[in-house]
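This report concerns only the one structure given below.
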Amino acid sequence: MQPQRLFLAVAAGVAVANVYFAQPLLATMGADLGISPGTVGVFVTVTQLGYGLGLFFLVPLGDLLDRRKLIRVKFVVLAVALLLVGIARNAAMLIIGLAAVGLLAVVTQSLVAFAASLSAPAERGRAVGTVTSGVVIGILLARTTSGALTDLAGWRSVYLISCGLSLLIALTLFKAAPQPRPHLSYYALLRSTARLWTEEPVFRARALMAFFIFAAFNTLWSSVVLPLTEQSLSHTQIGAFGLIAAVGAIAASPAGRLNDQGRGQLVTTAASALLIASWLLIVWTPQSLWPLAFGMIALDLAVQAIHVSNQSRIIELRPDAASRLIAGYMIFYSIGSALGAILSTALYEAAGWIAVCLLGATFSLGALATALSATVSRRRHPHPGAARTRSTVRR
């Protein structure tokens, strides 16, 4: 099972990297296509909006269709979208291509649900943690890779190489036994996904937390390229900060194990406090890059620990609806990421780096408040957790 998890982790990392390739390249892509620095955040925003649509309309299909076949198809179509970005000749073509990349990159979440479905209940958190480690590394190394490739061969090479990798994954995806699937129409599937918000209070809390942590995450990663570019750092140097922050990936697998041991709430509360503290370091970026490096590590540790705990916890609610639960949860991730990206770049141009850090700290405070509220609610109304299973989803 471990080699399969590792394959899924690598595949998830490759897929999710496509959503983040543009972040250290915003200034370069904007200059190439005549877009002002204050609006280059649109590249990230359209990708995240496409991701949000894919989460709602594509990821739930994993509970209805064969997950392996669905994953292969998504990777093939993703390759086509990446090709479109790589050959884009104007802003409109690029934006359409990036939106399509976001739409298909949700195969990442299909891989998480696939890994969970192949694991025994007692190891589900660990499986989610392993694949999420791949996701974390993919997100962070995306910036390093795209920066280095841009310096060597131009920003278009980033998307063309990823196109080839996506096709390779589609061709080599291992075989797996078919998973049980509910007898639902596509419309009923989408409706049941939407109803999770009203049916599951734990899901609501975890989804709201996802909104806050990824709004904070993208507040940093979408805007930090701007002050670093002003300090005359190259694309490779800017991307290297992704390597530093990749230390945060170590939080993913341990967080999954702690959730399997029933300590997920403690993880999310402590990590939310760390998320707030990270901004006390990041705010010094214009004066020194050392505080930024340590702040990035702290921020990514916090975000990934919360993220793994959240996903592990919600899958426990209804294992048979794993794809729908992850889809609903990740919609809030996408909304938060898009909001953080567009607000941070605009705010930097209008008010500077301190204002960006205040925005990130505010989002982080929202995550802590949500975690504390969930802790109080859980003590008042204990949840049976993984012991509870449901064989069908209410329609």
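Chains: A, B, ... in order of the structure tokens. Residues: from 1 per chain. Ligands: from 1, in order shown.
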
(request) Within 6 Å of Phe212 of chain A, counting only C-alpha atoms, which residues show up once you throw out same-chain ones fewer than 2 positions away? Write them as a list in words, please. (result) Met209, Ala210, Phe214, Ala215, Phe363 and Ala367 of chain A

Could you dump the residues just selected with N, CA, C and O atoms as a CSV table (one decimal), in the first residue's frame?
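Saved file again-v3.csv follows:
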chain,number,residue,atom,x,y,z
A,209,MET,N,-12.8,27.1,8.5
A,209,MET,CA,-11.4,27.1,8.9
A,209,MET,C,-10.5,27.1,7.6
A,209,MET,O,-9.5,27.8,7.5
A,210,ALA,N,-10.9,26.3,6.7
A,210,ALA,CA,-10.2,26.2,5.4
A,210,ALA,C,-10.2,27.6,4.7
A,210,ALA,O,-9.2,28.0,4.1
A,214,PHE,N,-6.4,29.4,4.2
A,214,PHE,CA,-5.9,29.5,2.8
A,214,PHE,C,-6.0,31.0,2.3
A,214,PHE,O,-5.3,31.4,1.4
A,215,ALA,N,-6.9,31.8,2.9
A,215,ALA,CA,-6.9,33.2,2.6
A,215,ALA,C,-5.6,33.8,3.1
A,215,ALA,O,-4.9,34.6,2.5
A,363,PHE,N,-7.0,37.2,8.8
A,363,PHE,CA,-7.5,35.9,8.4
A,363,PHE,C,-7.1,34.8,9.4
A,363,PHE,O,-7.8,33.9,9.7
A,367,ALA,N,-9.2,32.0,11.8
A,367,ALA,CA,-9.0,30.6,11.9
A,367,ALA,C,-8.9,30.2,13.3
A,367,ALA,O,-9.5,29.2,13.7

(message) Excluding Trp197 of chain A and its own-chain neighbours fewer than 4 positions away, which residues fall within 10 Å of it when counting only C-alpha atoms? Please give them as an MDAnalysis selection string.
(response) chainID A and resid 192:193 201:205 207 325 328:329

Just the selected residues (C-alpha atoms), exported as a PDB file, in the first residue's frame, please.
ATOM      1  CA  SER A 192     -26.251  16.124  -1.547  1.00  0.00           C
ATOM      2  CA  THR A 193     -22.904  17.925  -1.706  1.00  0.00           C
ATOM      3  CA  PRO A 201     -21.822  21.093  11.891  1.00  0.00           C
ATOM      4  CA  VAL A 202     -18.293  19.640  12.017  1.00  0.00           C
ATOM      5  CA  PHE A 203     -18.036  20.066   8.270  1.00  0.00           C
ATOM      6  CA  ARG A 204     -19.198  23.698   8.549  1.00  0.00           C
ATOM      7  CA  ALA A 205     -16.519  24.512  11.118  1.00  0.00           C
ATOM      8  CA  ALA A 207     -14.806  24.391   5.888  1.00  0.00           C
ATOM      9  CA  LEU A 325     -17.021  16.045   1.640  1.00  0.00           C
ATOM     10  CA  GLY A 328     -17.411  20.922  -0.313  1.00  0.00           C
ATOM     11  CA  TYR A 329     -14.520  21.581   2.038  1.00  0.00           C
TER      12      TYR A 329
END

(request) Measuring atom to atom with only C-alpha atoms, identify which of A:Arg263, A:Arg191, A:Arg206, A:Arg124 is nearest to Arg324 of chain A. (result)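 Of A:Arg263, A:Arg191, A:Arg206, A:Arg124, the one nearest Arg324 of chain A is A:Arg191, counting only C-alpha atoms.
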
(request) Compile the contact shell of Ala100 of chain A as an MDAnalysis selection string: residues with an atom at most 8 Å away, counting only C-alpha atoms, same-chain residues fewer than 4 positions apart removed. (result) chainID A and resid 47 50 78 81 96 104

(request) Show which residues sit within 9 Å of Ser146 of chain A, as a ChimeraX atom specification. Count only C-alpha atoms, and ignore same-chain residues fewer than 2 positions away. (result) /A:20-25,141-144,148-151,155,157-159,235-236,239

Quick one: everything within 12 Å of Cys357 of chain A, counting only C-alpha atoms, minus sequence neighbours fewer than 3 positions away in the same chain. Send it as a compact mmCIF listing (two decimals) with C-alpha atoms, in the first residue's frame.
# COMPACT_ATOMS: atom_id res chain seq x y z
CA ALA A 215 -6.86 33.19 2.60
CA ALA A 216 -3.89 33.81 4.93
CA PHE A 217 -1.71 31.40 2.92
CA ASN A 218 -2.36 33.14 -0.38
CA THR A 219 -2.15 36.59 1.17
CA LEU A 220 1.53 35.79 1.66
CA TRP A 221 2.35 33.72 -1.39
CA SER A 223 2.02 39.14 -2.82
CA VAL A 224 5.49 38.31 -1.48
CA LEU A 275 -0.38 30.93 12.09
CA ILE A 276 -1.03 34.26 13.80
CA ALA A 277 2.49 34.35 15.24
CA SER A 278 4.06 33.80 11.81
CA TRP A 279 2.99 37.27 10.68
CA LEU A 280 5.06 38.86 13.43
CA LEU A 281 8.09 37.62 11.51
CA ILE A 282 6.82 38.07 7.96
CA VAL A 283 6.13 41.77 8.52
CA TRP A 284 9.92 42.41 8.60
CA THR A 285 10.40 41.27 4.97
CA PRO A 286 11.42 44.71 3.57
CA LEU A 292 10.54 36.04 6.09
CA GLY A 295 7.84 33.16 9.07
CA GLY A 340 -6.27 36.39 -0.40
CA LEU A 343 -6.77 41.54 -1.97
CA SER A 344 -3.09 41.19 -1.11
CA THR A 345 -1.70 42.33 -4.47
CA LEU A 347 -3.44 46.19 -1.02
CA TYR A 348 0.33 46.09 -1.51
CA ALA A 351 -0.79 50.68 1.20
CA GLY A 352 2.41 48.61 1.30
CA TRP A 353 3.66 45.48 3.02
CA ILE A 354 2.48 46.23 6.56
CA GLY A 360 -2.97 37.98 6.70
CA ALA A 361 -3.04 38.26 10.49
CA THR A 362 -6.76 39.06 10.38
CA PHE A 363 -7.49 35.94 8.36
CA SER A 364 -5.32 33.94 10.78
